[in-house]
Amino acid sequence: MRSMSAPPKKALVRSIERRSDRYFWHMTGRLNANPHASPLNSRYSSKEMQYLFSPRNRFSTWRQLWVYLAESERELGLDISEEAIAQLKEHQRIEDDEFAAAALEEKRRRHDVMAHVHTYGLVAPQAAGIIHWGATSW
């Protein structure tokens, strides 16, 4: 009879690496060919629906929310420069090369949101310290 103990650490690490590799493949240059790998997407959804649920739209929406957050925090008196907000707006749409960087960061950090916070900070260095500032889940 098989025990119900946790899987060996090596097996768990391999499993995480396989999932990360699939994510990396999904987030790299083949993104436009297969924006969301699902039979529901490829067979039954419209182009508009595919776009709505695409990684590009999801991560660009996160960035839009971070712009709104920074603008609101500035209005409330927090020390956020206009240059930082301008950089955030300039790079609001995630570009193809940033998907690969975000995938590598997620593999390193093991957190999708923080990987994208860091990646956004790379293209908007004036805003790197204020992206996601004050937005918590607890």
# chains A, B, ... in the order shown; residues from 1 in each chain; ligands from 1
call {"tool": "residues_around", "arguments": {"residues": "region 121-136 of chain A", "least_positions_apart": "5", "cutoff": "8 Å", "atoms": "only C-alpha atoms", "output": "NGL selection string"}}
result
:A and (66 or 69-70 or 80 or 83-85 or 87-88 or 91)
call {"tool": "write_last_selection", "arguments": {"atoms": "N, CA and C atoms", "output": "JSON list (two decimals), in the first residue's frame"}}
result
[["chain", "number", "residue", "atom", "x", "y", "z"],
["A", 66, "TRP", "N", -2.12, 49.53, -12.01],
["A", 66, "TRP", "CA", -0.99, 50.12, -11.28],
["A", 66, "TRP", "C", -0.82, 51.59, -11.62],
["A", 69, "LEU", "N", -3.54, 53.31, -9.61],
["A", 69, "LEU", "CA", -3.15, 53.30, -8.21],
["A", 69, "LEU", "C", -2.12, 54.39, -7.94],
["A", 70, "ALA", "N", -1.10, 54.51, -8.79],
["A", 70, "ALA", "CA", -0.06, 55.52, -8.60],
["A", 70, "ALA", "C", -0.64, 56.93, -8.72],
["A", 80, "ILE", "N", 5.13, 60.57, -5.25],
["A", 80, "ILE", "CA", 5.25, 59.87, -6.54],
["A", 80, "ILE", "C", 5.43, 60.94, -7.60],
["A", 83, "GLU", "N", 7.26, 62.01, -13.46],
["A", 83, "GLU", "CA", 8.10, 61.20, -14.36],
["A", 83, "GLU", "C", 7.81, 59.71, -14.18],
["A", 84, "ALA", "N", 7.62, 59.29, -12.94],
["A", 84, "ALA", "CA", 7.31, 57.89, -12.68],
["A", 84, "ALA", "C", 5.98, 57.51, -13.32],
["A", 85, "ILE", "N", 4.98, 58.36, -13.14],
["A", 85, "ILE", "CA", 3.67, 58.07, -13.73],
["A", 85, "ILE", "C", 3.75, 58.10, -15.26],
["A", 87, "GLN", "N", 6.33, 57.29, -17.09],
["A", 87, "GLN", "CA", 6.97, 56.03, -17.52],
["A", 87, "GLN", "C", 5.99, 54.87, -17.44],
["A", 88, "LEU", "N", 5.20, 54.84, -16.37],
["A", 88, "LEU", "CA", 4.20, 53.77, -16.26],
["A", 88, "LEU", "C", 3.24, 53.81, -17.44],
["A", 91, "HIS", "N", 4.73, 52.60, -20.82],
["A", 91, "HIS", "CA", 4.95, 51.15, -20.95],
["A", 91, "HIS", "C", 3.77, 50.35, -20.44]]
call {"tool": "atom_distance", "arguments": {"atom1": "CA of Glu90 (chain A)", "atom2": "CA of Val67 (chain A)"}}
result
10.2 Å
call {"tool": "residues_around", "arguments": {"residues": "region 58-65 of chain A", "least_positions_apart": "3", "cutoff": "10 Å", "atoms": "only C-alpha atoms", "output": "MDAnalysis selection string"}}
result
chainID A and resid 51:55 68:71 88:89 91:95 99 113 116:117 120 131:132
call {"tool": "closest_residue", "arguments": {"among": "A:Glu82, A:Thr119, A:Met114, A:Arg43", "to": "Ala100 (chain A)", "atoms": "only C-alpha atoms"}}
result
A:Thr119
